[in-house]
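J.: Below you'll find the structure I mean.
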Amino acid sequence: MKNFRGIFTALLTPFDENDKINVEALRQLIDMNLKMGVTGFYVSGSTGEAFLMNENERKELLRIVKEAAPDATLIAHIGSINEREALSLGKYSKELGYDAISSVAPFYYKFSFEEIKNYYYRLAATAGLPMLVYNFPAFSGVNMGINELSQFLSSDMFFGLKHTSQDLFALERCKTTFPDKTVYNGFDEMCLAGLSMGADGAIGSTYNFMADKFVKIYSLFNEGKMKAAYDIQKEANRIISALGKVGVTQGEKEVLNQMGLPFGHCRTPFGELSKEQKDFIRKEITEKL
């Protein structure tokens, strides 16, 4: 049984000048993160621009990561508003040997909770892997509280919850009610707060280039050294605040570009950063890492 506790990087996806997945850059990123002490990776999520990729590209991404990190704990995000695609990705994740699957709730059409619940159960049953519910109300538009989340966490098909929400009361209630389930904090800027409310670990996008900070926060928290952990969280939040001024995903890729990993830029409709924005990132983030 793989370890599902700890720090997981929500991987970015590098694209080359031909808009193809840059395999070598991705492998370099994975190696760098493993050296920084992450437990594993959350693959093909929104951070990885999954919704801007087709099914074959997402399968290619899943395969590359599995080959590059065979011993890490790997969670495949298979979420798609096209359920047939999600089911196909789930089956492929099983074939590759992933440890678990995950999905954001189906969005846009304002599905009923019963429809959302059935979607999750079908994915879990078809893939035959432990499933992680991805609760991200700000982006999905789907608000699930303890009553709704309990309908997943009470089943053996679901091993836990990725909670990307400011509602830390809900996080605590889920963990307290289902102590044997794994609960991850989702917002990087609230990592320490999430841990203090019972999270078993965290999944984040800024971990791509500063996972070492969050690995240290996690370690210090477990050692009871809250002040030291808080000081690192404040520094991480300074960086996150700077990213917010240029666009988080675009900014994260530019940091990696400046660190020497050719991550290119985000796919359209994302815009490219200006020279001024890139200079801002260099001054406020890269040179201070």
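Numbering starts fresh at 1 for the residues of each chain in the structure tokens, the chains themselves are lettered A, B, ... in the order given, and ligands are numbered from 1 as they appear.
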List the spatial neighbours of stretch 193-202 of chain A as a PyMOL selection string - criterion: any atom at most 8 Å away, only C-alpha atoms, same-chain residues fewer than 5 positions off excluded.
T.: chain A and resi 5-8+168-169+171-172+175-176+182-186+188+218+221
J.: Write out as a compact mmCIF listing (two decimals) with N, CA and C atoms, in the first residue's frame each polymer residue whose atoms come within 7 Å of A:Ala211, counting only C-alpha atoms; drop sequence neighbours fewer than 2 positions from it.
T.:
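Just written: selection34.txt:
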```txt
# COMPACT_ATOMS: atom_id res chain seq x y z
N ASN A 33 11.34 17.56 -7.96
CA ASN A 33 10.37 17.48 -6.88
C ASN A 33 10.62 16.29 -5.96
N MET A 36 13.21 17.15 -3.62
CA MET A 36 12.73 18.07 -2.59
C MET A 36 11.87 17.37 -1.54
N VAL A 38 8.84 15.32 -2.00
CA VAL A 38 7.40 15.10 -2.11
C VAL A 38 7.07 13.61 -2.02
N TYR A 207 3.90 24.00 -5.56
CA TYR A 207 4.88 23.01 -5.14
C TYR A 207 5.80 22.65 -6.29
N ASN A 208 5.36 22.89 -7.54
CA ASN A 208 6.18 22.57 -8.70
C ASN A 208 7.58 23.15 -8.56
N PHE A 209 7.68 24.39 -8.04
CA PHE A 209 8.99 25.01 -7.93
C PHE A 209 9.43 25.30 -6.50
N LYS A 213 9.55 24.06 0.49
CA LYS A 213 8.95 24.88 1.55
C LYS A 213 7.80 24.14 2.21
N PHE A 214 6.96 23.49 1.41
CA PHE A 214 5.79 22.82 1.96
C PHE A 214 6.14 21.49 2.62
N VAL A 215 7.16 20.83 2.12
CA VAL A 215 7.66 19.64 2.80
C VAL A 215 8.15 20.02 4.19
```
J.: Nearest to A:Ala236 among A:Lys253, A:Lys288, A:Lys66, A:Lys162, with distances taken over only C-alpha atoms: which residue is it?
T.: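 Result for the nearest residue to A:Ala236: A:Lys288.
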J.: Just to confirm, what's the straight-line distance from atom CA of A:Tyr42 to atom CA of A:Glu284 in Å (one decimal)?
T.: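 Those two atoms sit 27.0 Å apart.
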J.: Got a sec: who's within 8 Å of A:Leu123, counting only C-alpha atoms, leaving out chain neighbours fewer than 2 positions off, as a list of chain:residue names?
T.: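 Non-adjacent residues within range: A:Ala86, A:Leu87, A:Gly90, A:Tyr119, A:Tyr120, A:Tyr121, A:Ala125, A:Thr126, A:Ala127.
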J.: Just the residues within 12 Å of A:Asn118, please, counting only C-alpha atoms, with nothing from its chain fewer than 3 positions along; format it as a PDB file with all heavy atoms, in the first residue's frame.
T.:
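File selection.pdb, as written:
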```pdb
ATOM      1  N   GLU A  83     -18.157  12.274 -19.756  1.00  0.00           N
ATOM      2  CA  GLU A  83     -17.956  11.121 -18.883  1.00  0.00           C
ATOM      3  C   GLU A  83     -17.284   9.954 -19.602  1.00  0.00           C
ATOM      4  O   GLU A  83     -16.512   9.207 -19.002  1.00  0.00           O
ATOM      5  CB  GLU A  83     -19.282  10.659 -18.276  1.00  0.00           C
ATOM      6  CG  GLU A  83     -19.090   9.565 -17.233  1.00  0.00           C
ATOM      7  CD  GLU A  83     -20.363   9.166 -16.523  1.00  0.00           C
ATOM      8  OE1 GLU A  83     -21.120  10.068 -16.111  1.00  0.00           O
ATOM      9  OE2 GLU A  83     -20.589   7.954 -16.369  1.00  0.00           O
ATOM     10  N   ALA A 105     -15.857  17.653  -9.708  1.00  0.00           N
ATOM     11  CA  ALA A 105     -17.261  17.376 -10.009  1.00  0.00           C
ATOM     12  C   ALA A 105     -17.610  17.873 -11.408  1.00  0.00           C
ATOM     13  O   ALA A 105     -17.080  18.889 -11.860  1.00  0.00           O
ATOM     14  CB  ALA A 105     -18.161  18.063  -8.982  1.00  0.00           C
ATOM     15  N   PRO A 106     -18.467  17.161 -12.142  1.00  0.00           N
ATOM     16  CA  PRO A 106     -18.892  17.642 -13.463  1.00  0.00           C
ATOM     17  C   PRO A 106     -19.554  19.010 -13.330  1.00  0.00           C
ATOM     18  O   PRO A 106     -20.381  19.229 -12.442  1.00  0.00           O
ATOM     19  CB  PRO A 106     -19.872  16.572 -13.936  1.00  0.00           C
ATOM     20  CG  PRO A 106     -20.293  15.838 -12.707  1.00  0.00           C
ATOM     21  CD  PRO A 106     -19.134  15.913 -11.766  1.00  0.00           C
ATOM     22  N   PHE A 111     -25.492  20.274 -12.764  1.00  0.00           N
ATOM     23  CA  PHE A 111     -26.024  18.942 -12.507  1.00  0.00           C
ATOM     24  C   PHE A 111     -26.539  18.846 -11.069  1.00  0.00           C
ATOM     25  O   PHE A 111     -26.017  19.487 -10.155  1.00  0.00           O
ATOM     26  CB  PHE A 111     -24.930  17.892 -12.723  1.00  0.00           C
ATOM     27  CG  PHE A 111     -24.405  17.831 -14.128  1.00  0.00           C
ATOM     28  CD1 PHE A 111     -23.156  18.351 -14.443  1.00  0.00           C
ATOM     29  CD2 PHE A 111     -25.161  17.260 -15.142  1.00  0.00           C
ATOM     30  CE1 PHE A 111     -22.665  18.293 -15.736  1.00  0.00           C
ATOM     31  CE2 PHE A 111     -24.672  17.201 -16.443  1.00  0.00           C
ATOM     32  CZ  PHE A 111     -23.424  17.720 -16.747  1.00  0.00           C
ATOM     33  N   SER A 112     -27.545  18.017 -10.873  1.00  0.00           N
ATOM     34  CA  SER A 112     -28.051  17.779  -9.521  1.00  0.00           C
ATOM     35  C   SER A 112     -27.021  16.985  -8.735  1.00  0.00           C
ATOM     36  O   SER A 112     -26.140  16.326  -9.328  1.00  0.00           O
ATOM     37  CB  SER A 112     -29.361  17.001  -9.584  1.00  0.00           C
ATOM     38  OG  SER A 112     -29.129  15.669 -10.040  1.00  0.00           O
ATOM     39  N   PHE A 113     -27.138  17.003  -7.409  1.00  0.00           N
ATOM     40  CA  PHE A 113     -26.180  16.233  -6.616  1.00  0.00           C
ATOM     41  C   PHE A 113     -26.286  14.747  -6.928  1.00  0.00           C
ATOM     42  O   PHE A 113     -25.273  14.037  -6.969  1.00  0.00           O
ATOM     43  CB  PHE A 113     -26.367  16.454  -5.117  1.00  0.00           C
ATOM     44  CG  PHE A 113     -25.451  15.581  -4.291  1.00  0.00           C
ATOM     45  CD1 PHE A 113     -24.087  15.816  -4.263  1.00  0.00           C
ATOM     46  CD2 PHE A 113     -25.953  14.474  -3.605  1.00  0.00           C
ATOM     47  CE1 PHE A 113     -23.226  14.984  -3.553  1.00  0.00           C
ATOM     48  CE2 PHE A 113     -25.098  13.648  -2.887  1.00  0.00           C
ATOM     49  CZ  PHE A 113     -23.734  13.898  -2.857  1.00  0.00           C
ATOM     50  N   GLU A 114     -27.492  14.268  -7.157  1.00  0.00           N
ATOM     51  CA  GLU A 114     -27.668  12.852  -7.478  1.00  0.00           C
ATOM     52  C   GLU A 114     -26.927  12.493  -8.765  1.00  0.00           C
ATOM     53  O   GLU A 114     -26.293  11.425  -8.859  1.00  0.00           O
ATOM     54  CB  GLU A 114     -29.153  12.517  -7.619  1.00  0.00           C
ATOM     55  CG  GLU A 114     -29.460  11.029  -7.639  1.00  0.00           C
ATOM     56  CD  GLU A 114     -29.134  10.327  -6.322  1.00  0.00           C
ATOM     57  OE1 GLU A 114     -29.027  11.004  -5.277  1.00  0.00           O
ATOM     58  OE2 GLU A 114     -28.957   9.091  -6.349  1.00  0.00           O
ATOM     59  N   GLU A 115     -26.953  13.381  -9.747  1.00  0.00           N
ATOM     60  CA  GLU A 115     -26.227  13.150 -10.995  1.00  0.00           C
ATOM     61  C   GLU A 115     -24.716  13.165 -10.760  1.00  0.00           C
ATOM     62  O   GLU A 115     -23.974  12.353 -11.321  1.00  0.00           O
ATOM     63  CB  GLU A 115     -26.623  14.201 -12.029  1.00  0.00           C
ATOM     64  CG  GLU A 115     -28.056  14.041 -12.534  1.00  0.00           C
ATOM     65  CD  GLU A 115     -28.538  15.232 -13.351  1.00  0.00           C
ATOM     66  OE1 GLU A 115     -28.081  16.367 -13.075  1.00  0.00           O
ATOM     67  OE2 GLU A 115     -29.389  15.032 -14.235  1.00  0.00           O
ATOM     68  N   TYR A 121     -19.495   7.555  -8.645  1.00  0.00           N
ATOM     69  CA  TYR A 121     -19.566   6.123  -8.389  1.00  0.00           C
ATOM     70  C   TYR A 121     -19.287   5.314  -9.649  1.00  0.00           C
ATOM     71  O   TYR A 121     -18.639   4.257  -9.583  1.00  0.00           O
ATOM     72  CB  TYR A 121     -20.928   5.761  -7.778  1.00  0.00           C
ATOM     73  CG  TYR A 121     -20.930   5.832  -6.269  1.00  0.00           C
ATOM     74  CD1 TYR A 121     -21.164   7.034  -5.604  1.00  0.00           C
ATOM     75  CD2 TYR A 121     -20.666   4.703  -5.503  1.00  0.00           C
ATOM     76  CE1 TYR A 121     -21.153   7.104  -4.223  1.00  0.00           C
ATOM     77  CE2 TYR A 121     -20.649   4.757  -4.115  1.00  0.00           C
ATOM     78  CZ  TYR A 121     -20.893   5.964  -3.473  1.00  0.00           C
ATOM     79  OH  TYR A 121     -20.862   6.024  -2.103  1.00  0.00           O
ATOM     80  N   ARG A 122     -19.741   5.798 -10.798  1.00  0.00           N
ATOM     81  CA  ARG A 122     -19.451   5.086 -12.046  1.00  0.00           C
ATOM     82  C   ARG A 122     -17.960   5.104 -12.355  1.00  0.00           C
ATOM     83  O   ARG A 122     -17.389   4.097 -12.790  1.00  0.00           O
ATOM     84  CB  ARG A 122     -20.259   5.690 -13.201  1.00  0.00           C
ATOM     85  CG  ARG A 122     -21.732   5.308 -13.218  1.00  0.00           C
ATOM     86  CD  ARG A 122     -22.400   5.704 -14.519  1.00  0.00           C
ATOM     87  NE  ARG A 122     -22.487   7.139 -14.700  1.00  0.00           N
ATOM     88  CZ  ARG A 122     -23.539   7.893 -14.362  1.00  0.00           C
ATOM     89  NH1 ARG A 122     -24.599   7.328 -13.794  1.00  0.00           N
ATOM     90  NH2 ARG A 122     -23.546   9.194 -14.583  1.00  0.00           N
ATOM     91  N   LEU A 123     -17.315   6.249 -12.137  1.00  0.00           N
ATOM     92  CA  LEU A 123     -15.875   6.333 -12.387  1.00  0.00           C
ATOM     93  C   LEU A 123     -15.109   5.384 -11.473  1.00  0.00           C
ATOM     94  O   LEU A 123     -14.209   4.660 -11.927  1.00  0.00           O
ATOM     95  CB  LEU A 123     -15.368   7.761 -12.169  1.00  0.00           C
ATOM     96  CG  LEU A 123     -15.854   8.863 -13.102  1.00  0.00           C
ATOM     97  CD1 LEU A 123     -15.032  10.128 -12.879  1.00  0.00           C
ATOM     98  CD2 LEU A 123     -15.793   8.452 -14.555  1.00  0.00           C
ATOM     99  N   ALA A 124     -15.456   5.387 -10.206  1.00  0.00           N
ATOM    100  CA  ALA A 124     -14.741   4.539  -9.240  1.00  0.00           C
ATOM    101  C   ALA A 124     -14.941   3.064  -9.559  1.00  0.00           C
ATOM    102  O   ALA A 124     -13.993   2.271  -9.513  1.00  0.00           O
ATOM    103  CB  ALA A 124     -15.221   4.857  -7.827  1.00  0.00           C
ATOM    104  N   ALA A 125     -16.159   2.684  -9.903  1.00  0.00           N
ATOM    105  CA  ALA A 125     -16.461   1.279 -10.186  1.00  0.00           C
ATOM    106  C   ALA A 125     -15.765   0.812 -11.455  1.00  0.00           C
ATOM    107  O   ALA A 125     -15.244  -0.306 -11.516  1.00  0.00           O
ATOM    108  CB  ALA A 125     -17.973   1.091 -10.306  1.00  0.00           C
ATOM    109  N   GLN A 151     -21.535  11.066   1.673  1.00  0.00           N
ATOM    110  CA  GLN A 151     -22.073  10.014   0.810  1.00  0.00           C
ATOM    111  C   GLN A 151     -20.982   9.369  -0.041  1.00  0.00           C
ATOM    112  O   GLN A 151     -21.191   8.321  -0.639  1.00  0.00           O
ATOM    113  CB  GLN A 151     -23.192  10.583  -0.071  1.00  0.00           C
ATOM    114  CG  GLN A 151     -24.397  11.039   0.757  1.00  0.00           C
ATOM    115  CD  GLN A 151     -25.577  11.440  -0.089  1.00  0.00           C
ATOM    116  OE1 GLN A 151     -25.986  10.722  -0.992  1.00  0.00           O
ATOM    117  NE2 GLN A 151     -26.140  12.602   0.210  1.00  0.00           N
ATOM    118  N   PHE A 152     -19.831  10.000  -0.091  1.00  0.00           N
ATOM    119  CA  PHE A 152     -18.671   9.387  -0.729  1.00  0.00           C
ATOM    120  C   PHE A 152     -17.744   8.775   0.323  1.00  0.00           C
ATOM    121  O   PHE A 152     -17.298   7.633   0.193  1.00  0.00           O
ATOM    122  CB  PHE A 152     -17.902  10.422  -1.554  1.00  0.00           C
ATOM    123  CG  PHE A 152     -18.724  11.089  -2.613  1.00  0.00           C
ATOM    124  CD1 PHE A 152     -19.057  12.433  -2.513  1.00  0.00           C
ATOM    125  CD2 PHE A 152     -19.194  10.365  -3.702  1.00  0.00           C
ATOM    126  CE1 PHE A 152     -19.819  13.047  -3.487  1.00  0.00           C
ATOM    127  CE2 PHE A 152     -19.952  10.980  -4.687  1.00  0.00           C
ATOM    128  CZ  PHE A 152     -20.269  12.321  -4.578  1.00  0.00           C
TER     129      PHE A 152
END
```
J.: Excluding A:Val142 and any residue of its chain fewer than 5 positions from it, enumerate the residues within 8 Å of it, using only C-alpha atoms, and give them as an mmCIF file with C-alpha atoms, in the first residue's frame.
T.:
```
data_model
loop_
_atom_site.group_PDB
_atom_site.id
_atom_site.type_symbol
_atom_site.label_atom_id
_atom_site.label_comp_id
_atom_site.auth_asym_id
_atom_site.auth_seq_id
_atom_site.Cartn_x
_atom_site.Cartn_y
_atom_site.Cartn_z
ATOM 1 C CA ALA A 105 -17.261 17.376 -10.009
ATOM 2 C CA PHE A 107 -19.513 21.331 -14.043
ATOM 3 C CA LYS A 110 -25.577 22.677 -12.981
ATOM 4 C CA ASN A 135 -13.983 19.483 -3.971
ATOM 5 C CA PHE A 136 -13.261 22.830 -5.656
ATOM 6 C CA PRO A 137 -16.442 24.931 -5.427
#
```
J.: I'd like the neighbourhood of A:Gly97 as a PyMOL selection string, where a residue qualifies if any of its atoms comes within 9 Å (using only C-alpha atoms), though same-chain residues fewer than 3 positions away should be ignored.
T.: chain A and resi 66+70+74+92-94+100
J.: Now that the selection is made, can you save its residues with N, CA, C and O atoms as a short mmCIF file (atom, residue, chain, number, x, y, z; two decimals), in the first residue's frame?
T.:
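Ended up saving to out04.cif:
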```
data_model
loop_
_atom_site.label_atom_id
_atom_site.label_comp_id
_atom_site.auth_asym_id
_atom_site.auth_seq_id
_atom_site.Cartn_x
_atom_site.Cartn_y
_atom_site.Cartn_z
N LYS A 66 4.18 8.15 -15.01
CA LYS A 66 4.35 6.83 -14.41
C LYS A 66 5.73 6.26 -14.72
O LYS A 66 6.39 5.66 -13.85
N PRO A 70 8.08 5.77 -11.05
CA PRO A 70 7.38 4.50 -10.78
C PRO A 70 7.19 4.18 -9.31
O PRO A 70 6.28 3.43 -8.95
N LEU A 74 1.07 7.97 -7.01
CA LEU A 74 0.53 8.72 -8.15
C LEU A 74 -0.99 8.70 -8.15
O LEU A 74 -1.62 7.64 -8.09
N TYR A 92 -7.40 3.50 -18.21
CA TYR A 92 -6.00 3.59 -18.60
C TYR A 92 -5.10 3.79 -17.38
O TYR A 92 -4.00 3.23 -17.32
N SER A 93 -5.56 4.57 -16.41
CA SER A 93 -4.80 4.78 -15.18
C SER A 93 -4.59 3.46 -14.45
O SER A 93 -3.50 3.19 -13.91
N LYS A 94 -5.60 2.63 -14.45
CA LYS A 94 -5.50 1.30 -13.84
C LYS A 94 -4.46 0.45 -14.58
O LYS A 94 -3.62 -0.21 -13.95
N ALA A 100 -4.28 5.67 -7.45
CA ALA A 100 -5.63 6.17 -7.19
C ALA A 100 -6.05 7.09 -8.34
O ALA A 100 -5.22 7.52 -9.15
#
```
J.: Excluding same-chain residues fewer than 6 positions from A:Ile146, what lies within 8 Å of it counting only C-alpha atoms, as a list in words?
T.: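 Within the cut-off, the hits are Ala170, Arg173 and Cys174 of chain A.
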J.: Closest to A:Ala72 among A:Asp99, A:Asp212, A:Glu24, A:Glu189, using only C-alpha atoms?
T.: A:Asp99
J.: Can you tell me, as a ChimeraX atom specification, which residues in stretch 36-224 of chain A count as helix (DSSP H, G or I) by DSSP?
T.: /A:50-52,55-68,83-96,113-127,137-140,146-153,168-177,188-196,207-222
